[in-house]
Amino acid sequence: MRHIGFQYEKKERKNGTRYISIRDVNENKLLEIEQRGEDVVIYTNSRNESATTFVLPKEMLDRVFGDLSSQ
C-alpha cells in the first residue's frame, strides 16, 4: 500500500518476527510496530539521528483506535 509520501509494508525479521513499517519518505522518518505477546512495541527513528521505543499493552492500543474510530 502506498500513500503520497508514505510507504506501508508488512515485513519479517530474520528471526521470523513480523512487523509493520511505515516510512515518511519526505521527512526520512520511520515508524515500526510489532506485537510481542500481549504488548505492542512502537519504534520510531527520525532522520537516523534519534530512536525511541515505546511499549504498551495491546488492549491499550485497541482502546486508542476504538476511541479514534468513534469520534
# chains A, B, ... in the order shown; residues from 1 in each chain; ligands from 1
$ residues_around --residues "stretch 21-29 of chain A" --least-positions-apart "2" --cutoff "9 Å" --atoms "only C-alpha atoms" --output "PDB file with N, CA and C atoms, in the first residue's frame"
ATOM      1  N   ILE A   4       0.694   9.069  -0.724  1.00  0.00           N
ATOM      2  CA  ILE A   4       1.637  10.096  -1.137  1.00  0.00           C
ATOM      3  C   ILE A   4       2.611  10.398   0.004  1.00  0.00           C
ATOM      4  N   GLY A   5       3.873  10.170  -0.236  1.00  0.00           N
ATOM      5  CA  GLY A   5       4.914  10.458   0.740  1.00  0.00           C
ATOM      6  C   GLY A   5       5.122   9.403   1.813  1.00  0.00           C
ATOM      7  N   PHE A   6       4.317   8.326   1.794  1.00  0.00           N
ATOM      8  CA  PHE A   6       4.441   7.286   2.809  1.00  0.00           C
ATOM      9  C   PHE A   6       4.563   5.917   2.161  1.00  0.00           C
ATOM     10  N   GLN A   7       5.332   5.031   2.799  1.00  0.00           N
ATOM     11  CA  GLN A   7       5.427   3.632   2.378  1.00  0.00           C
ATOM     12  C   GLN A   7       4.969   2.770   3.547  1.00  0.00           C
ATOM     13  N   TYR A   8       4.005   1.895   3.296  1.00  0.00           N
ATOM     14  CA  TYR A   8       3.462   0.990   4.315  1.00  0.00           C
ATOM     15  C   TYR A   8       3.806  -0.415   3.889  1.00  0.00           C
ATOM     16  N   GLU A   9       4.523  -1.149   4.741  1.00  0.00           N
ATOM     17  CA  GLU A   9       4.933  -2.509   4.386  1.00  0.00           C
ATOM     18  C   GLU A   9       4.783  -3.452   5.570  1.00  0.00           C
ATOM     19  N   LYS A  10       4.353  -4.672   5.287  1.00  0.00           N
ATOM     20  CA  LYS A  10       4.399  -5.753   6.271  1.00  0.00           C
ATOM     21  C   LYS A  10       5.720  -6.458   6.042  1.00  0.00           C
ATOM     22  N   LYS A  11       6.524  -6.595   7.093  1.00  0.00           N
ATOM     23  CA  LYS A  11       7.860  -7.169   6.956  1.00  0.00           C
ATOM     24  C   LYS A  11       8.058  -8.309   7.941  1.00  0.00           C
ATOM     25  N   TYR A  19       6.333  -7.553  11.524  1.00  0.00           N
ATOM     26  CA  TYR A  19       6.062  -6.202  11.995  1.00  0.00           C
ATOM     27  C   TYR A  19       5.589  -5.343  10.835  1.00  0.00           C
ATOM     28  N   LEU A  31       8.481   4.524  11.344  1.00  0.00           N
ATOM     29  CA  LEU A  31       7.659   4.023  12.438  1.00  0.00           C
ATOM     30  C   LEU A  31       7.500   2.530  12.225  1.00  0.00           C
ATOM     31  N   GLU A  32       7.880   1.732  13.219  1.00  0.00           N
ATOM     32  CA  GLU A  32       7.711   0.281  13.142  1.00  0.00           C
ATOM     33  C   GLU A  32       6.865  -0.168  14.319  1.00  0.00           C
ATOM     34  N   ILE A  33       5.920  -1.073  14.046  1.00  0.00           N
ATOM     35  CA  ILE A  33       5.007  -1.565  15.071  1.00  0.00           C
ATOM     36  C   ILE A  33       5.046  -3.082  15.057  1.00  0.00           C
ATOM     37  N   GLU A  34       5.260  -3.656  16.233  1.00  0.00           N
ATOM     38  CA  GLU A  34       5.400  -5.110  16.351  1.00  0.00           C
ATOM     39  C   GLU A  34       4.649  -5.583  17.595  1.00  0.00           C
ATOM     40  N   THR A  44      10.374   4.332  16.751  1.00  0.00           N
ATOM     41  CA  THR A  44      10.448   5.463  15.829  1.00  0.00           C
ATOM     42  C   THR A  44      11.904   5.840  15.599  1.00  0.00           C
ATOM     43  N   ASN A  45      12.178   6.304  14.413  1.00  0.00           N
ATOM     44  CA  ASN A  45      13.515   6.766  14.064  1.00  0.00           C
ATOM     45  C   ASN A  45      13.349   7.986  13.171  1.00  0.00           C
ATOM     46  N   SER A  46      14.006   9.072  13.531  1.00  0.00           N
ATOM     47  CA  SER A  46      13.893  10.313  12.786  1.00  0.00           C
ATOM     48  C   SER A  46      15.233  10.680  12.168  1.00  0.00           C
ATOM     49  N   ARG A  47      15.292  10.628  10.864  1.00  0.00           N
ATOM     50  CA  ARG A  47      16.484  11.023  10.103  1.00  0.00           C
ATOM     51  C   ARG A  47      17.758  10.338  10.592  1.00  0.00           C
ATOM     52  N   ASN A  48      17.638   9.096  11.028  1.00  0.00           N
ATOM     53  CA  ASN A  48      18.774   8.307  11.506  1.00  0.00           C
ATOM     54  C   ASN A  48      19.518   8.968  12.663  1.00  0.00           C
TER      55      ASN A  48
END
$ residues_around --residues "A:Gly37" --least-positions-apart "2" --cutoff "10 Å" --atoms "only C-alpha atoms" --output "PDB file with N, CA and C atoms, in the first residue's frame"
ATOM      1  N   GLU A  34       5.260  -3.656  16.233  1.00  0.00           N
ATOM      2  CA  GLU A  34       5.400  -5.110  16.351  1.00  0.00           C
ATOM      3  C   GLU A  34       4.649  -5.583  17.595  1.00  0.00           C
ATOM      4  N   GLN A  35       3.971  -6.720  17.484  1.00  0.00           N
ATOM      5  CA  GLN A  35       3.306  -7.297  18.654  1.00  0.00           C
ATOM      6  C   GLN A  35       4.202  -8.363  19.255  1.00  0.00           C
ATOM      7  N   ASP A  39       1.940  -7.359  24.425  1.00  0.00           N
ATOM      8  CA  ASP A  39       2.419  -5.985  24.288  1.00  0.00           C
ATOM      9  C   ASP A  39       2.590  -5.603  22.828  1.00  0.00           C
ATOM     10  N   VAL A  40       2.512  -4.298  22.578  1.00  0.00           N
ATOM     11  CA  VAL A  40       2.807  -3.742  21.262  1.00  0.00           C
ATOM     12  C   VAL A  40       4.034  -2.853  21.428  1.00  0.00           C
ATOM     13  N   PRO A  57       0.504  -2.153  26.460  1.00  0.00           N
ATOM     14  CA  PRO A  57      -0.337  -3.340  26.318  1.00  0.00           C
ATOM     15  C   PRO A  57      -1.200  -3.252  25.060  1.00  0.00           C
ATOM     16  N   LYS A  58      -1.413  -4.385  24.390  1.00  0.00           N
ATOM     17  CA  LYS A  58      -2.202  -4.414  23.166  1.00  0.00           C
ATOM     18  C   LYS A  58      -3.605  -3.883  23.401  1.00  0.00           C
TER      19      LYS A  58
END
$ select_by_dssp --residues "chain A" --states "helix (DSSP H, G or I)" --output "ChimeraX atom specification"
/A:58-69
$ closest_residue --among "A:Leu68, A:Arg36, A:His3, A:Ile20" --to "A:Val55" --atoms "only C-alpha atoms"
A:Arg36
